[in-house]
Structure formats: C-alpha cells, structure tokens
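Peer 1: Can you keep this structure in mind? I'll have questions shortly.
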Amino acid sequence: MLLKINDLHAKVEDTTILNGINLEINPGEVHAIMGPNGSGKSTLSKVISGHPDYEVIKGDIQYNINGKLASIMEQEPSERACEGIFLGFQYPVEVPGVTNINFMNEAFNALCEHQGADTMDEGAFREYVVSKLPTLNMSEDFLDRAVNEGFSGGEKKKNEILQMLLLNPRLALLDETDSGLDIDALKTVAKGVNTLKSKHNSIILVTHYQRLLDYIEPDYVHVLWKGQIIKTGDKSLALELEEKGYDWLTGEHVQ
Amino acid sequence: MSELNYYIEEIDRLNLFENLSSNAKQLQSSGMALLSIAKLPTRKDESWKYTRLDDALAKNYTWEKIDPQISYSKLSEANPSFYHIYISEHGVTHNIQDPGFKLTHINNCEDFENIYSTKNFNDDISIILNQSYLTNGYCFEFSKKYQNERPIIIHYNFIHPLSNISLVNQIICEDNTDVDLLEDFNSSEEIFGNIYTRIKLGQNSRINHVNIQDAKNGSLVLQNLNASVAKDSTYRNNNIQIGAKLSRSNIEISLEGELAHCDVHGLYSLHNDQHHDTSSYIHHEVSHTTSDQLYKGILADESRGVFTGKVRVEKDAQLINAGQLNKNLLLSKKAQVNSRPQLEIYADDVKCSHGSTTGQIGRDELFYLQARGIPRERAQAILARAFTYDVVLKQPNLAMRDYIVEHLTKKNVVQQL
C-alpha cells in the first residue's frame, strides 16, 4: 500500500474541515475525490502535503517509505515532497525574482540529494526539461520567466504538470487542476497526467467536475461531504453525479 | 569621560599630520577644533535616533598610517574584466594605463578646500572624525571625454586587528566623461573604517558607482558619500551593505544643473546582531532634475536596519520628479527596521512619491517551494534572493553585477542568479 489515512480530523483556525477521513491507496491507482464546494476536498490534499495552516486534531496519515507504511504527520512539507508526494496547486503561486528553470532545478536537485542521486547542473537540467515540453505544448521561453508571474490560468496549470513530470512523484495530488481550463488546455493537462500514470505512480484527482474524468480514467471515485467520504464507487459514480448532482447523496440541496 | 577623548589624545600624540600640505593641515585642524567640543550623538539627535556609537568607539581603535606611495603594476593575476586599484597599509598599487586617468595622494590634490562641505550632515560625528584624522586619501581624476574601457575596482584590504582606517577620497569627473567604478571595502580583521568620498561630476557625464561594504563581523564602518551632479549628468549609485557589526552610510547628492539625474539603489542584508543605518539626502536644487531611490533590506536574527531618506526640493526647482521606495524583509521575529521617508518640498509643480514596506516572506510562496522538496531554509534563501533581485538588476554593467552577485552569494544572501 502507498497511502493509508485513518480517521483524519483537521481544522484551520477554529473551523473543523475534515471529520474522519479513511482512505487507502495502492501503487498504480487513480482516485478521484469529488464533492461540492466547501466539502473539504482541497483541505485533504493540503493536509497530506503538510500545509502549515491546517492542524490535524485526530487520526493519522501513513505513507510507504522504503517498503513500509510510516506516519508522515511529523514530516515537513519538503520531506514529504522528497519522499515522492506532489501537490499540484489549485492556485499556483507567483514567485517574482525566481526563474522557472532555477526553481525546478532547485526542486529536482533537492529530491536527488534526498535520494542520494547525482544532482544536475543547469545545462543538463535544461535539456531534461526541454524534452518534456512537447507533451504539454509549452515553449522554452517559459523556463526563463519568473515562476508563474504573468502566466495565464492555463499556463499556470500546465506549469504544475510540467513540474510533476520532472519530479516523477509516487503520489500526485492534483487539486482542481482542471478548474478554469478550456477544453484544449484540459486535454493537454490530461495528456501530461496520463504520461505519469504507471503501476508505480498513484494519482489523486481532486475535482469539482466530471469532465476531467473523461480524459483521465479513475479506478475509484469518492464523494466528500462535510469532511467525510460518504460514498465510494467506480467511474460510473462520477457519471451518476454528473446526471443527478450531489443532492441525492447528501440529502440536502448543494451547489 | 567621552569615548571621543581617546581619539583626541591619539591625534595629539601621533602628530603625524606635520607632513600635510598647508591646505590639508588647515582642514585637519578645523576638524580637531570641532572634535574637541563634539559629543557622541544620542537618541535626541534626529539623524542618529536609532544608532548608538558609544560601545563601538569604546574599542579604542588604533589609527593606521597608509604608506603614501602610489605605484603601477601589471597585476597579471587580477581579473582582466576590470582595472584594479589596491589600497592597503602599504600604499596603492594599480594597473590603469590611461592618459585620461590621474591618481594622486590627497596631499598633492588641488581643489579640495571644500571637500567636507555638506548641507545635511553638518556636525555629523563621522565627518568630524574623518576630518580630524585627515592624512590618508586619494584623488581620482578623469579628464574630459574619458570613457572607461573597463570598470575600475578599488579594493580596500586592511589586515590589522582593531585598526582605524580613516580615508578621504575625491573623485573628479570632468565634462563628457563616462566612468564605471566599484569600491570593495572589506577586511580580514575587525576594524574601524571611516571613509569619506567626495564626487564631483561635470556636465554631460555619467558615473556608475558601486559600493560594497563587507568588513569583518564586529567592525565599525562609517561611510560618507557626497556627490554633486552638474547639468545633463547622471550619478548612479548601488550601495551594498553586508558586513561589519555596526555600519552607517550617509549619502548626500546635489542635483545642481538641469537634467541632472541620480539613481540611489541600495541593499542591506544583515544577520546576527548587525546594525546598519542609511541616511540619504537628495537635493533637487534646480528645475528639471530627477531622482530615483530604491532601498531594500533583508534582516535576519536580531539584526536591525534604519533607513532615513530625505528628498529636498528647492523653491525654484519646478518640474522635478523624485521617487523613493524602501522595502524590508524580516526573516526573524527579533529583527527590526525603522524606515523614515521624508519629503521637504518648497516648489509647487513637482512629482514626488515615497513609500515604505516591511514584511516577512510570504507563507504561500514558502509553502510552494517546500511542497516541491526544497527545505525551509533553502526556500527562505531563494525567496530572499528574489527580493534582492530588483536592486541587483538596477546595475547595468554586467561584469559589475556579477561581482555584486558573487559577494552576495558568498554571504549566502542570494543563490546564483
């Protein structure tokens, strides 16, 4: 098993958002987490990656490190990332003054150092990055711009997926990567995600819409409501949600 | 007893000023007259409100005599992208072979009676001390139409522990000159540096002047810069303050002719208990003059920064444009900054802006880098680098920019750009 979440409760400031999440993910699986706004979808991915604004009040997150499940609750976000947990941000952060290529090179080398592998200098790293660009229809000049600064919404999301491909995570948490994308950008992003898919890499797609799942096929679909998973099914559940909305599951009207 | 008594007695005892020219001797003795009645600034002195010199001066630094000899050498080992001037206790060595450049000892320099005249820093203790110790110093002259082939670096290398390095330099750029000059003030031992630099920029000229202060930790460094800018000329200053325990930088720029412009861009990056205080004074004396100031501070640990930026626009100086911005990044809860932008405007048709911000590294940015595997401290360093980027990019000469970056990288202020 790659990830095991037991009875996870988490809060931000004084508001409890997760109310007992249980989730198990094996290598190679694609899980979609769906749910109405405010159900806790984004919080779950942030808590798994160690965002400091969220406090875990109960439960545990275990992750496979060197073949064994171990709690990662005490790990820094950077340590979790070095162990292969990748968060694709819903709102990628602009970092003026740092070029994209330097940022990615720093991240790549941090992972290499953690894993005891050789780091790459900028020349070699640039070649490696350039080899990934065609998959995402990105041009090389993205690399020399400041991280996400002045990027369009679609460009920012593609930039997230580019980083994911470079870092080759064992667990990719993609937080509403599809929101705000036009259909061409969505297809490109999905193509990037499908490139990562393998029997070793697992993916959690946090999404509001079923549309993304037409391009990335999930093994499991979970519905999150009030901080709990209230239903789990296969991809047909997503289609059912598309048709009926969330009301039939939540028992009340939601957006 | 005042901490200054030691210095007054030392000057009396050494009597090393007897070889000075009569002009210099006169300046020195009027400095002494001021020093004998001077008091160290207290919190009540507006200009020194946040900076105390008492403890630093109590270390009783020993005055360093610099050999007046100036010699030429090929310096074949030195970086060929630059011309070099080395100043140490053994005198001066340089490798500039250009008929338009003249380097003389201050004792043989003409035209420096008014070298200490200042509008904003009258009675400033750093100037009084410098004037009282007037013995070491140089005059750098660039004759009409001088265009430098390469930037010049002045390297100050002093090695005696607890020495008092007191220097007064005059840089004269005649009309139609174009000069790139970088001063690299560092020391391998704890010292007291007191450097007064007077710059006279002629008409239709440009000087691009970088100052890097990287004295050994524990040092006291007082620097005064006093520049006058004539018609159609541009004075550009990059002031990089990263060394010493206590440092003070007084900057006075007089825009004396129409279309005179100055850029004053600085960076102070401080750690541990370092304290830096910049006080700038930009004087728009006539119409159609412009100035731009960007000062950035990065403060870690228990360090403290002070920025006082004054812009004065005279009554008849219409249609001027002056911008001033001070931005500070606090890396620790114990670091602090006092930022005081001040405008004194007596004209009525001017455009002046000023602003000041102080904050911490953005949590979102930090988490973004950490979520990519970059450890917290490294992520902070990268974001601090990004913060300095604007100031470094203001340096137009790429070789000089690289030189600055190299220093900042060594200090771990920035990673490689």
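In the structure tokens, chains take letters A, B, ... by order of appearance, with residues numbered from 1 within each chain and ligands from 1 in the order shown.
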Hey, which bits of chain A sit within 6 Å of chain B, and for each residue what's the closest pair of atoms and how far apart in Å (one decimal), counting only C-alpha atoms, rows by chain and increasing number, as CSV?
Peer 2:
```
residue,atom,partner,partner_atom,distance
A:Pro77,CA,B:Ala371,CA,5.3
A:Ser78,CA,B:Gly373,CA,4.0
A:Ala81,CA,B:Gly373,CA,4.6
A:Cys82,CA,B:Gly373,CA,5.1
A:Gly97,CA,B:Ala386,CA,4.1
A:Val98,CA,B:Ala386,CA,5.6
A:Ala107,CA,B:Arg372,CA,5.5
A:Ala110,CA,B:Ile374,CA,5.7
```
Peer 1: For Leu212 of chain A, which residue among A:Ile101, A:Val130, A:Leu237, A:Ala32 is the nearest when counting only C-alpha atoms?
Peer 2: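 Smallest separation from Leu212 of chain A among the options: A:Ala32.
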Peer 1: Return as a PyMOL selection string the full set of residues in segment 238-338 of chain B whose backbone-based DSSP assignment is strand (DSSP E).
Peer 2: chain B and resi 238-241+246-255+261-270+275-284+290-299+304-313+321-330+336-338
Peer 1: Pick out the residues sitting within 6 Å of segment 259-265 of chain B, and hand them over as a PDB file with N, CA and C atoms, in the first residue's frame; count only C-alpha atoms, and ignore anything fewer than 5 positions along from it in its own chain.
Peer 2:
```
ATOM      1  N   LYS B 231      24.832  69.821 -14.821  1.00  0.00           N
ATOM      2  CA  LYS B 231      23.840  69.769 -15.909  1.00  0.00           C
ATOM      3  C   LYS B 231      24.025  68.555 -16.819  1.00  0.00           C
ATOM      4  N   ASP B 232      22.921  67.939 -17.185  1.00  0.00           N
ATOM      5  CA  ASP B 232      22.896  66.835 -18.158  1.00  0.00           C
ATOM      6  C   ASP B 232      23.682  65.605 -17.704  1.00  0.00           C
ATOM      7  N   SER B 233      23.902  65.452 -16.431  1.00  0.00           N
ATOM      8  CA  SER B 233      24.729  64.325 -15.975  1.00  0.00           C
ATOM      9  C   SER B 233      23.928  63.365 -15.106  1.00  0.00           C
ATOM     10  N   THR B 234      24.410  62.143 -15.028  1.00  0.00           N
ATOM     11  CA  THR B 234      23.751  61.115 -14.228  1.00  0.00           C
ATOM     12  C   THR B 234      24.720  60.489 -13.244  1.00  0.00           C
ATOM     13  N   TYR B 235      24.330  60.506 -11.996  1.00  0.00           N
ATOM     14  CA  TYR B 235      25.099  59.785 -10.989  1.00  0.00           C
ATOM     15  C   TYR B 235      24.284  58.572 -10.576  1.00  0.00           C
ATOM     16  N   ARG B 236      24.916  57.408 -10.682  1.00  0.00           N
ATOM     17  CA  ARG B 236      24.198  56.184 -10.345  1.00  0.00           C
ATOM     18  C   ARG B 236      24.951  55.478  -9.221  1.00  0.00           C
ATOM     19  N   ASN B 237      24.247  55.175  -8.158  1.00  0.00           N
ATOM     20  CA  ASN B 237      24.900  54.547  -7.010  1.00  0.00           C
ATOM     21  C   ASN B 237      24.186  53.255  -6.616  1.00  0.00           C
ATOM     22  N   ASN B 238      24.978  52.219  -6.436  1.00  0.00           N
ATOM     23  CA  ASN B 238      24.485  50.966  -5.836  1.00  0.00           C
ATOM     24  C   ASN B 238      25.241  50.790  -4.532  1.00  0.00           C
ATOM     25  N   HIS B 288      13.819  70.611 -13.525  1.00  0.00           N
ATOM     26  CA  HIS B 288      14.083  69.522 -14.475  1.00  0.00           C
ATOM     27  C   HIS B 288      15.160  68.562 -13.990  1.00  0.00           C
ATOM     28  N   THR B 289      15.169  68.310 -12.702  1.00  0.00           N
ATOM     29  CA  THR B 289      16.088  67.289 -12.194  1.00  0.00           C
ATOM     30  C   THR B 289      15.256  66.098 -11.715  1.00  0.00           C
ATOM     31  N   THR B 290      15.849  64.934 -11.755  1.00  0.00           N
ATOM     32  CA  THR B 290      15.097  63.722 -11.397  1.00  0.00           C
ATOM     33  C   THR B 290      15.942  62.827 -10.496  1.00  0.00           C
ATOM     34  N   SER B 291      15.243  62.073  -9.648  1.00  0.00           N
ATOM     35  CA  SER B 291      15.967  61.134  -8.798  1.00  0.00           C
ATOM     36  C   SER B 291      15.118  59.899  -8.556  1.00  0.00           C
ATOM     37  N   ASP B 292      15.782  58.796  -8.348  1.00  0.00           N
ATOM     38  CA  ASP B 292      15.085  57.537  -8.106  1.00  0.00           C
ATOM     39  C   ASP B 292      15.837  56.774  -7.020  1.00  0.00           C
ATOM     40  N   GLN B 293      15.131  56.409  -5.974  1.00  0.00           N
ATOM     41  CA  GLN B 293      15.766  55.650  -4.885  1.00  0.00           C
ATOM     42  C   GLN B 293      15.017  54.364  -4.627  1.00  0.00           C
ATOM     43  N   LEU B 294      15.727  53.274  -4.601  1.00  0.00           N
ATOM     44  CA  LEU B 294      15.142  52.003  -4.172  1.00  0.00           C
ATOM     45  C   LEU B 294      16.094  51.392  -3.150  1.00  0.00           C
ATOM     46  N   TYR B 295      15.642  51.276  -1.925  1.00  0.00           N
ATOM     47  CA  TYR B 295      16.473  50.686  -0.872  1.00  0.00           C
ATOM     48  C   TYR B 295      15.780  49.462  -0.321  1.00  0.00           C
TER      49      TYR B 295
END
```
Peer 1: Could you go through segment 10-175 of chain B and tell me which residues DSSP, when run on the backbone, assigns to helix (DSSP H, G or I), listing them as a PyMOL selection string?
Peer 2: chain B and resi 10-14+16-19+22-37+46-48+54-57+106-108+125-132
Peer 1: Store the residues picked out above, limited to N, CA and C atoms, as a CSV table (one decimal), in the first residue's frame.
Peer 2:
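Everything below was put into part-v7.csv:
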```csv
chain,number,residue,atom,x,y,z
B,10,GLU,N,44.9,60.5,20.8
B,10,GLU,CA,45.7,59.8,19.8
B,10,GLU,C,46.1,60.8,18.7
B,11,ILE,N,45.2,61.6,18.3
B,11,ILE,CA,45.6,62.6,17.2
B,11,ILE,C,46.7,63.5,17.7
B,12,ASP,N,46.6,64.0,18.9
B,12,ASP,CA,47.6,64.9,19.5
B,12,ASP,C,48.9,64.2,19.6
B,13,ARG,N,48.9,62.9,20.1
B,13,ARG,CA,50.1,62.2,20.4
B,13,ARG,C,50.8,61.8,19.1
B,14,LEU,N,50.1,61.4,18.1
B,14,LEU,CA,50.8,60.9,16.9
B,14,LEU,C,51.4,62.0,16.1
B,16,LEU,N,51.1,63.1,13.4
B,16,LEU,CA,51.6,62.6,12.1
B,16,LEU,C,51.2,63.5,10.9
B,17,PHE,N,50.6,64.6,11.3
B,17,PHE,CA,50.0,65.4,10.2
B,17,PHE,C,50.9,66.5,9.8
B,18,GLU,N,52.1,66.5,10.4
B,18,GLU,CA,53.0,67.6,10.1
B,18,GLU,C,53.5,67.6,8.6
B,19,ASN,N,53.4,66.5,7.9
B,19,ASN,CA,53.8,66.5,6.5
B,19,ASN,C,52.7,66.9,5.6
B,22,SER,N,49.6,72.7,3.4
B,22,SER,CA,49.1,73.7,4.3
B,22,SER,C,47.5,73.7,4.2
B,23,ASN,N,47.0,73.5,3.0
B,23,ASN,CA,45.5,73.3,2.9
B,23,ASN,C,45.0,72.2,3.7
B,24,ALA,N,45.6,71.1,3.6
B,24,ALA,CA,45.2,69.9,4.3
B,24,ALA,C,45.3,70.1,5.8
B,25,LYS,N,46.4,70.7,6.2
B,25,LYS,CA,46.6,70.9,7.6
B,25,LYS,C,45.5,71.8,8.2
B,26,GLN,N,45.2,72.8,7.4
B,26,GLN,CA,44.1,73.7,7.9
B,26,GLN,C,42.8,73.0,8.1
B,27,LEU,N,42.5,72.1,7.1
B,27,LEU,CA,41.2,71.3,7.2
B,27,LEU,C,41.3,70.5,8.5
B,28,GLN,N,42.5,69.8,8.6
B,28,GLN,CA,42.6,68.9,9.8
B,28,GLN,C,42.5,69.6,11.1
B,29,SER,N,43.1,70.8,11.2
B,29,SER,CA,43.0,71.5,12.5
B,29,SER,C,41.6,72.0,12.7
B,30,SER,N,40.9,72.4,11.7
B,30,SER,CA,39.5,72.8,12.0
B,30,SER,C,38.6,71.6,12.4
B,31,GLY,N,39.0,70.4,11.8
B,31,GLY,CA,38.3,69.2,12.3
B,31,GLY,C,38.5,69.0,13.7
B,32,MET,N,39.8,69.1,14.2
B,32,MET,CA,40.2,68.9,15.6
B,32,MET,C,39.4,69.9,16.5
B,33,ALA,N,39.3,71.1,16.0
B,33,ALA,CA,38.5,72.1,16.8
B,33,ALA,C,37.1,71.6,17.0
B,34,LEU,N,36.5,71.1,16.0
B,34,LEU,CA,35.1,70.6,16.1
B,34,LEU,C,35.1,69.3,17.0
B,35,LEU,N,36.1,68.5,16.9
B,35,LEU,CA,36.1,67.2,17.6
B,35,LEU,C,36.3,67.5,19.1
B,36,SER,N,37.0,68.5,19.4
B,36,SER,CA,37.3,68.8,20.9
B,36,SER,C,36.0,69.2,21.6
B,37,ILE,N,35.1,69.7,20.9
B,37,ILE,CA,33.8,70.1,21.5
B,37,ILE,C,32.6,69.2,21.2
B,46,GLU,N,18.1,63.7,15.9
B,46,GLU,CA,17.1,63.2,15.0
B,46,GLU,C,17.9,62.3,13.9
B,47,SER,N,19.0,62.7,13.5
B,47,SER,CA,19.7,62.0,12.4
B,47,SER,C,20.4,60.7,12.9
B,48,TRP,N,20.6,60.6,14.2
B,48,TRP,CA,21.2,59.3,14.8
B,48,TRP,C,20.2,58.7,15.8
B,54,ASP,N,28.5,54.7,20.9
B,54,ASP,CA,29.3,54.6,22.2
B,54,ASP,C,30.1,53.3,22.3
B,55,ASP,N,29.4,52.2,22.3
B,55,ASP,CA,30.1,50.9,22.5
B,55,ASP,C,31.1,50.6,21.5
B,56,ALA,N,30.8,50.9,20.2
B,56,ALA,CA,31.7,50.6,19.1
B,56,ALA,C,33.0,51.5,19.3
B,57,LEU,N,32.8,52.8,19.5
B,57,LEU,CA,34.0,53.6,19.6
B,57,LEU,C,34.8,53.4,20.9
B,106,ILE,N,46.2,62.6,-1.6
B,106,ILE,CA,45.3,63.7,-1.2
B,106,ILE,C,46.2,65.0,-0.9
B,107,ASN,N,47.4,64.7,-0.5
B,107,ASN,CA,48.3,65.8,-0.1
B,107,ASN,C,48.7,66.6,-1.3
B,108,ASN,N,48.7,66.0,-2.5
B,108,ASN,CA,49.1,66.7,-3.7
B,108,ASN,C,47.9,67.1,-4.5
B,125,ILE,N,29.2,63.3,13.4
B,125,ILE,CA,30.4,62.9,14.1
B,125,ILE,C,31.3,62.1,13.2
B,126,SER,N,30.8,61.3,12.2
B,126,SER,CA,31.6,60.6,11.3
B,126,SER,C,32.5,61.5,10.5
B,127,ILE,N,31.9,62.6,10.1
B,127,ILE,CA,32.7,63.6,9.2
B,127,ILE,C,33.7,64.3,10.1
B,128,ILE,N,33.3,64.7,11.3
B,128,ILE,CA,34.3,65.4,12.2
B,128,ILE,C,35.5,64.5,12.4
B,129,LEU,N,35.2,63.2,12.7
B,129,LEU,CA,36.3,62.3,13.0
B,129,LEU,C,37.2,62.1,11.8
B,130,ASN,N,36.6,62.0,10.6
B,130,ASN,CA,37.3,61.8,9.4
B,130,ASN,C,38.2,63.0,9.1
B,131,GLN,N,37.6,64.2,9.3
B,131,GLN,CA,38.4,65.4,9.1
B,131,GLN,C,39.6,65.6,10.1
B,132,SER,N,39.3,65.2,11.3
B,132,SER,CA,40.4,65.3,12.3
B,132,SER,C,41.6,64.3,12.0
```
Peer 1: Can you tell me, as a ChimeraX atom specification, what residues are no more than 12 Å from segment 339-351 of chain B when counting only C-alpha atoms, ignoring any on the same chain fewer than 6 positions away?
Peer 2: /B:46-47,49-50,276-297,304-328,357-358
Peer 1: Write the selection just made, keeping C-alpha atoms, as a JSON list (two decimals), in the first residue's frame?
Peer 2:
```
[["chain", "number", "residue", "atom", "x", "y", "z"],
["B", 46, "GLU", "CA", 17.13, 63.17, 14.95],
["B", 47, "SER", "CA", 19.72, 61.99, 12.45],
["B", 49, "LYS", "CA", 17.98, 58.47, 16.61],
["B", 50, "TYR", "CA", 18.29, 54.70, 16.20],
["B", 276, "HIS", "CA", 23.02, 49.21, 9.53],
["B", 277, "ASP", "CA", 21.82, 52.77, 9.17],
["B", 278, "THR", "CA", 21.49, 54.53, 5.83],
["B", 279, "SER", "CA", 20.68, 58.20, 5.75],
["B", 280, "SER", "CA", 20.21, 59.65, 2.30],
["B", 281, "TYR", "CA", 19.63, 63.21, 1.26],
["B", 282, "ILE", "CA", 18.77, 64.05, -2.32],
["B", 283, "HIS", "CA", 18.80, 67.73, -3.02],
["B", 284, "HIS", "CA", 16.96, 68.99, -6.08],
["B", 285, "GLU", "CA", 18.44, 72.44, -6.43],
["B", 286, "VAL", "CA", 17.14, 73.37, -9.88],
["B", 287, "SER", "CA", 14.28, 72.57, -12.23],
["B", 288, "HIS", "CA", 14.08, 69.52, -14.47],
["B", 289, "THR", "CA", 16.09, 67.29, -12.19],
["B", 290, "THR", "CA", 15.10, 63.72, -11.40],
["B", 291, "SER", "CA", 15.97, 61.13, -8.80],
["B", 292, "ASP", "CA", 15.09, 57.54, -8.11],
["B", 293, "GLN", "CA", 15.77, 55.65, -4.89],
["B", 294, "LEU", "CA", 15.14, 52.00, -4.17],
["B", 295, "TYR", "CA", 16.47, 50.69, -0.87],
["B", 296, "LYS", "CA", 15.89, 47.13, 0.18],
["B", 297, "GLY", "CA", 16.74, 45.48, 3.46],
["B", 304, "ARG", "CA", 18.42, 46.00, 12.90],
["B", 305, "GLY", "CA", 18.14, 48.31, 9.93],
["B", 306, "VAL", "CA", 17.48, 52.02, 9.75],
["B", 307, "PHE", "CA", 16.61, 53.91, 6.61],
["B", 308, "THR", "CA", 16.09, 57.64, 6.54],
["B", 309, "GLY", "CA", 15.53, 59.01, 3.09],
["B", 310, "LYS", "CA", 15.13, 62.70, 2.67],
["B", 311, "VAL", "CA", 14.30, 64.44, -0.58],
["B", 312, "ARG", "CA", 14.50, 68.21, -0.62],
["B", 313, "VAL", "CA", 13.17, 70.27, -3.49],
["B", 314, "GLU", "CA", 14.10, 73.94, -3.58],
["B", 315, "LYS", "CA", 11.56, 76.69, -4.21],
["B", 316, "ASP", "CA", 12.65, 77.36, -7.76],
["B", 317, "ALA", "CA", 13.15, 73.73, -8.68],
["B", 318, "GLN", "CA", 9.99, 73.12, -10.69],
["B", 319, "LEU", "CA", 9.07, 70.13, -12.81],
["B", 320, "ILE", "CA", 11.19, 67.71, -10.93],
["B", 321, "ASN", "CA", 10.43, 64.05, -10.47],
["B", 322, "ALA", "CA", 11.60, 62.20, -7.37],
["B", 323, "GLY", "CA", 10.77, 58.65, -6.39],
["B", 324, "GLN", "CA", 11.75, 56.86, -3.23],
["B", 325, "LEU", "CA", 10.91, 53.39, -2.03],
["B", 326, "ASN", "CA", 12.21, 51.43, 0.94],
["B", 327, "LYS", "CA", 11.25, 47.75, 1.24],
["B", 328, "ASN", "CA", 12.27, 45.47, 4.06],
["B", 357, "THR", "CA", 7.01, 48.46, 3.33],
["B", 358, "THR", "CA", 8.19, 45.97, 5.90]]
```
Peer 1: Report as a compact mmCIF listing (two decimals) with C-alpha atoms, in the first residue's frame all protein, DNA and RNA residues lying within 12 Å of Ser49 of chain A, evaluated on only C-alpha atoms, omitting residues in the same chain fewer than 4 positions from it.
Peer 2:
```
# COMPACT_ATOMS: atom_id res chain seq x y z
CA SER A 42 -8.75 20.92 -1.16
CA THR A 43 -8.09 20.66 2.55
CA LEU A 44 -7.45 16.95 2.26
CA SER A 45 -4.72 17.40 -0.33
CA ASP A 53 -2.24 26.42 8.07
CA TYR A 54 -4.02 23.14 8.77
CA ILE A 61 -1.61 9.64 7.61
CA GLN A 62 0.69 6.75 6.78
CA TYR A 63 2.79 6.61 3.66
CA ILE A 72 4.32 11.29 7.98
CA MET A 73 2.50 13.56 10.40
CA GLU A 74 5.74 14.93 11.82
CA GLN A 75 7.40 15.49 8.44
CA GLU A 76 8.00 18.90 6.94
CA PRO A 77 6.33 19.59 3.59
CA SER A 78 9.74 19.41 1.90
CA GLU A 79 10.43 15.98 3.40
CA ARG A 80 7.08 14.67 2.18
CA ALA A 81 7.85 16.06 -1.28
CA CYS A 82 11.25 14.39 -1.24
CA GLU A 83 9.51 11.10 -0.44
CA GLY A 84 7.50 11.49 -3.63
CA ILE A 85 4.34 13.34 -2.61
CA PHE A 86 3.49 16.05 -5.11
CA LEU A 87 0.80 18.69 -4.70
CA GLY A 88 -0.44 20.30 -7.89
CA PHE A 89 -1.79 23.61 -6.64
CA LEU A 171 1.78 10.13 -5.22
CA ALA A 172 0.44 13.08 -7.20
CA LEU A 173 -2.30 15.13 -5.52
CA LEU A 174 -3.87 17.30 -8.19
CA ASP A 175 -6.02 19.93 -6.57
CA PHE B 367 4.94 26.58 1.17
CA TYR B 368 5.03 26.38 -2.61
CA GLN B 370 8.66 23.47 0.31
CA ALA B 371 5.96 21.45 -1.40
CA ARG B 372 8.46 20.93 -4.21
CA GLY B 373 11.00 19.40 -1.85
```
Peer 1: I want to know what sits within 12 Å of Lys132 of chain A, based on only C-alpha atoms, with residues of the same chain fewer than 3 positions away left out; could you give that as a ChimeraX atom specification?
Peer 2: /A:125-129,135-140,143,158-159,161-168,191-192,195-196
Peer 1: Restrict the selected residues to C-alpha atoms and save them as a tab-separated table (two decimals), in the first residue's frame.
Peer 2:
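And here's again32.tsv as it stands now:
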```
chain	number	residue	atom	x	y	z
A	125	PHE	CA	18.71	20.04	-16.39
A	126	ARG	CA	17.55	22.38	-19.15
A	127	GLU	CA	17.97	19.58	-21.70
A	128	TYR	CA	15.92	17.30	-19.50
A	129	VAL	CA	13.17	19.89	-19.10
A	135	THR	CA	3.90	16.80	-24.16
A	136	LEU	CA	2.42	19.97	-22.66
A	137	ASN	CA	2.65	22.19	-25.75
A	138	MET	CA	4.90	24.55	-23.83
A	139	SER	CA	7.64	26.66	-25.38
A	140	GLU	CA	11.12	27.03	-23.96
A	143	LEU	CA	11.65	28.42	-18.45
A	158	LYS	CA	0.48	23.30	-17.35
A	159	ASN	CA	3.45	24.54	-15.39
A	161	ILE	CA	2.01	19.37	-14.57
A	162	LEU	CA	5.45	20.04	-16.04
A	163	GLN	CA	6.90	20.10	-12.53
A	164	MET	CA	5.07	16.88	-11.75
A	165	LEU	CA	6.58	15.15	-14.78
A	166	LEU	CA	10.06	16.36	-13.87
A	167	LEU	CA	9.81	15.20	-10.27
A	168	ASN	CA	8.08	11.89	-11.11
A	191	LYS	CA	-2.20	14.03	-21.51
A	192	GLY	CA	0.52	15.15	-19.11
A	195	THR	CA	2.13	10.26	-19.07
A	196	LEU	CA	2.84	9.89	-15.35
```
Peer 1: Please provide the set of residues having any atom within 8 Å of Thr197 of chain B, restricted to only C-alpha atoms, with same-chain residues fewer than 5 positions apart removed, written as a list in words.
Peer 2: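 Contacts, with the query itself left out: Val168, Asn169, Gln170, Ile171, Gln223, Asn224, Leu225 and Asn226 of chain B.
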Peer 1: Using only C-alpha atoms, find the one residue out of B:Gly243, B:Gly359, B:Pro80, B:Gly193 that sits nearest to Tyr268 of chain B.
Peer 2: B:Gly243
